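Data first, discussion second: the structure below is written as structure tokens.
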Amino acid sequence: MDIQLQQVGYSYSKGTPFEKRALVDVNLHIKSGSYHAIIGHTGSGKSTLLQHLNALLKPTEGEVRIGDLTIQAGKRVKNLKPVRQQIGIVFQFPEQQLFDETVLKDIMFGPLNYGVPKEEAERRARVLVEQLGLPKDVLDKSPFDLSGGQMRRVAIAGVLAMEPSILVLDEPTAGLDPRGRQEIMELFHKLHVEKGLTTILVTHSMEDAARYSDRVSIMHHGRCVLSGDPIEIFGNEERLAEFQLAAPRVVRFQREFEALLGYPLAKLCLTEEQ
Ligand code: ADP
């Protein structure tokens with residue numbers, strides 16, 4: 001399922017003295033199966049944009065197409081449920097949304113709400129706990145008795161239990177230590193590769209975008225100012241500087257390496273250490 005934004009604008013509190021234009025004329029195409037990073041400074045419109053990707057916000061100008069569904073500014077949309085089921089959003093600090101008595105109940109909540117039979121919801125929860133590297137006995141515990149890193153994994157399991165085909169990640173590693181960061185990013189990478197999940201990563205980490213994505217878009221003052229291949233985008237330091245962004249370390253290393261070799265490398269060479 002592709003997602004396409006065409007000339008999308010969004011204003012908070014439209015028509016009031018508090019009106020705030022957060023998206024301006026955004027054109028963006030997120031292809032099925034891609035790993036698309038959306039980067040930009042705080043306040044550039046990233047979170048507003050991602051809330052359009054499953055119609056939590058509807059455009060005040062232009063249109064958003066999610067698969068066969070078209071959401072146009074000012075028009076009502078009948079049934080958003082199938083789309084919401086297909087698109088899982090891991091919000092910032094998702095552990096803050098845990099609420100149930102046990103981890104098992106918390107993970108099963110979404111699927112049960114969408115009519116998945118109890119046995120199937122429970123099966124998904126058990127598989128996910130293992131996939132996400134959580135101890136088996138975690139299922140009967142209260143989510144509030146877990147460590148911060150474990151709570152985040154439980155919250156992610158709750159999103160994955162819906163079996164979405166598109167996963168939207170809003171700064172998924174915020175607040176984690178470097179090891180926790182890497183583990184979570186590797187987990188999403190594995191899901192992307194093994195399950196073919198379309199992954200949309202909203203981040204201000206150029207390093208993560210360079211390492212994991214195959215497409216990058218840059219948001220600046222509510223506009224999508226650049227979109228393209230990570231090598232092209234990150235290789236153009238002058239253009240990045242216009243938006244007060246610096247090329248990620250990994251790209252700078254590669255440039256130095258290429259200068260030594262005397263010829264350009266076709267792909268970004270990324271290793272665990274970088
Ligand atoms: P980012 O995720 O890149 O930090 P946001 O999408 O959160 O950017 O914000 C874009 C702009 O919209 C900012 O100027 C922000 O202050 C404003 N904004 C965000 N949420 C609201 C809101 N609920 N009401 C009014 N303005 C908002």
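Each chain of the structure tokens is named A, B, ... in the order shown, its residues numbered from 1; ligands are numbered from 1 in display order.
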
* Which chains and residue numbers are within 12 Å of ligand 1, counting only C-alpha atoms and all ligand atoms, if I want them as a PyMOL selection string? -> chain A and resi 9-14+16-24+38-52+57+91-92+169-171+201-204+218-224

* Every residue of stretch 22-215 of chain A that DSSP places in alpha helix (DSSP H), as a ChimeraX atom specification -> /A:46-52,81-86,103-113,118-131,148-160,178-195,206-212

List every residue of stretch 20-176 of chain A that DSSP, applied to the backbone, labels as strand (DSSP E or B), and write the result as a JSON list (two decimals) with C-alpha atoms, in the first residue's frame.
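As written to disk, selection-v4.json reads:
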[["chain", "number", "residue", "atom", "x", "y", "z"],
["A", 20, "LYS", "CA", -0.91, 27.88, 13.28],
["A", 21, "ARG", "CA", 0.19, 26.67, 9.87],
["A", 22, "ALA", "CA", 2.18, 23.49, 10.48],
["A", 23, "LEU", "CA", 2.29, 21.95, 6.97],
["A", 24, "VAL", "CA", 2.61, 23.89, 3.73],
["A", 25, "ASP", "CA", 2.21, 22.40, 0.25],
["A", 26, "VAL", "CA", 3.68, 19.00, 1.13],
["A", 27, "ASN", "CA", 4.14, 16.50, -1.69],
["A", 28, "LEU", "CA", 5.38, 13.11, -0.60],
["A", 29, "HIS", "CA", 5.23, 9.57, -1.95],
["A", 30, "ILE", "CA", 5.91, 6.69, 0.44],
["A", 35, "TYR", "CA", 12.11, 2.30, 4.64],
["A", 36, "HIS", "CA", 11.46, 6.03, 4.49],
["A", 37, "ALA", "CA", 13.09, 8.41, 6.94],
["A", 38, "ILE", "CA", 11.56, 11.82, 7.60],
["A", 39, "ILE", "CA", 14.01, 14.17, 9.20],
["A", 61, "GLU", "CA", -5.57, 21.74, 2.13],
["A", 62, "GLY", "CA", -4.78, 19.15, -0.55],
["A", 63, "GLU", "CA", -5.25, 15.40, -0.27],
["A", 64, "VAL", "CA", -3.78, 12.30, 1.28],
["A", 65, "ARG", "CA", -4.09, 8.94, -0.49],
["A", 66, "ILE", "CA", -3.61, 5.84, 1.60],
["A", 69, "LEU", "CA", -8.61, 5.67, 0.24],
["A", 70, "THR", "CA", -8.50, 9.37, -0.59],
["A", 71, "ILE", "CA", -8.80, 11.94, 2.17],
["A", 72, "GLN", "CA", -9.46, 15.40, 0.82],
["A", 87, "ILE", "CA", -0.95, 1.39, 9.71],
["A", 88, "GLY", "CA", 0.64, 1.00, 13.11],
["A", 89, "ILE", "CA", 2.04, 4.10, 14.77],
["A", 90, "VAL", "CA", 4.63, 3.88, 17.53],
["A", 166, "ILE", "CA", 2.99, -0.08, 7.48],
["A", 167, "LEU", "CA", 4.83, 0.86, 10.63],
["A", 168, "VAL", "CA", 5.28, 4.53, 11.51],
["A", 169, "LEU", "CA", 7.93, 5.26, 14.13],
["A", 170, "ASP", "CA", 8.04, 8.67, 15.81]]

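The space separating atom CA of A:Ala125 from atom CA of A:Ala161 comes to 6.5 Å.
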
* To do: Report the distance between atom CA of A:Phe109 and atom CA of A:Ala121 in Å, rounded to one decimal place.
  =>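 If I compute the distance from atom CA of A:Phe109 to atom CA of A:Ala121, I get 8.4 Å.
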
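The list of residues with at least one atom within 9 Å of stretch 245-249 of chain A, based on only C-alpha atoms and without residues fewer than 3 positions apart in the same chain, reads Gly40, His41, Ser205, Met206, Glu207, Asp208, Ala209, Ala210, Ile233, Phe234, Gly235, Asn236, Glu237, Glu238, Arg239, Leu240, Ala241, Glu242, Arg252, Phe253, Gln254 and Gln274 of chain A.
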
Keeping C-alpha atoms, export the residues of the selection given above as a PDB file, in the first residue's frame.
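To be explicit, this is the file written out as part03.pdb:
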ATOM      1  CA  GLY A  40      14.008  17.791  10.293  1.00  0.00           C
ATOM      2  CA  HIS A  41      14.463  20.056  13.275  1.00  0.00           C
ATOM      3  CA  SER A 205      18.988  11.448  13.909  1.00  0.00           C
ATOM      4  CA  MET A 206      20.718  11.774  10.571  1.00  0.00           C
ATOM      5  CA  GLU A 207      22.851   8.773  11.563  1.00  0.00           C
ATOM      6  CA  ASP A 208      19.828   6.490  11.950  1.00  0.00           C
ATOM      7  CA  ALA A 209      18.332   7.786   8.721  1.00  0.00           C
ATOM      8  CA  ALA A 210      21.595   7.150   6.849  1.00  0.00           C
ATOM      9  CA  ILE A 233      20.642  13.761  -0.016  1.00  0.00           C
ATOM     10  CA  PHE A 234      23.368  13.236   2.554  1.00  0.00           C
ATOM     11  CA  GLY A 235      26.131  13.686   0.002  1.00  0.00           C
ATOM     12  CA  ASN A 236      25.014  17.242  -0.766  1.00  0.00           C
ATOM     13  CA  GLU A 237      26.431  19.070   2.227  1.00  0.00           C
ATOM     14  CA  GLU A 238      25.822  22.548   0.796  1.00  0.00           C
ATOM     15  CA  ARG A 239      22.128  21.848   0.315  1.00  0.00           C
ATOM     16  CA  LEU A 240      21.870  20.345   3.799  1.00  0.00           C
ATOM     17  CA  ALA A 241      23.527  23.427   5.287  1.00  0.00           C
ATOM     18  CA  GLU A 242      20.704  25.567   3.837  1.00  0.00           C
ATOM     19  CA  ARG A 252      31.648  12.069   6.029  1.00  0.00           C
ATOM     20  CA  PHE A 253      33.734   8.924   6.759  1.00  0.00           C
ATOM     21  CA  GLN A 254      32.742   7.497   3.422  1.00  0.00           C
ATOM     22  CA  GLN A 274      29.514   3.374  12.972  1.00  0.00           C
TER      23      GLN A 274
END

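Atom CA of A:Lys81 sits 11.6 Å away from atom CA of A:Gly115.
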
* Exercise: A:Glu120 partners within 10 Å, only C-alpha atoms, chain neighbours under 4 positions left out, as a list of chain:residue names ->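 Here the answer would be A:Met108, A:Pro111, A:Leu112, A:Val116, A:Arg124, A:Ala125, A:Arg126, A:Ala161.
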
I need the residues from that last selection saved to file as a compact mmCIF listing (two decimals), in the first residue's frame (with C-alpha atoms), if you can.
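Once written, selection-v5.txt looks like this:
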# COMPACT_ATOMS: atom_id res chain seq x y z
CA MET A 108 -4.09 -8.20 23.22
CA PRO A 111 -6.51 -6.96 18.25
CA LEU A 112 -9.49 -7.77 20.52
CA VAL A 116 -9.56 -10.73 16.37
CA ARG A 124 0.25 -13.09 18.59
CA ALA A 125 1.19 -11.73 22.02
CA ARG A 126 3.25 -14.83 22.87
CA ALA A 161 -0.09 -7.30 17.39
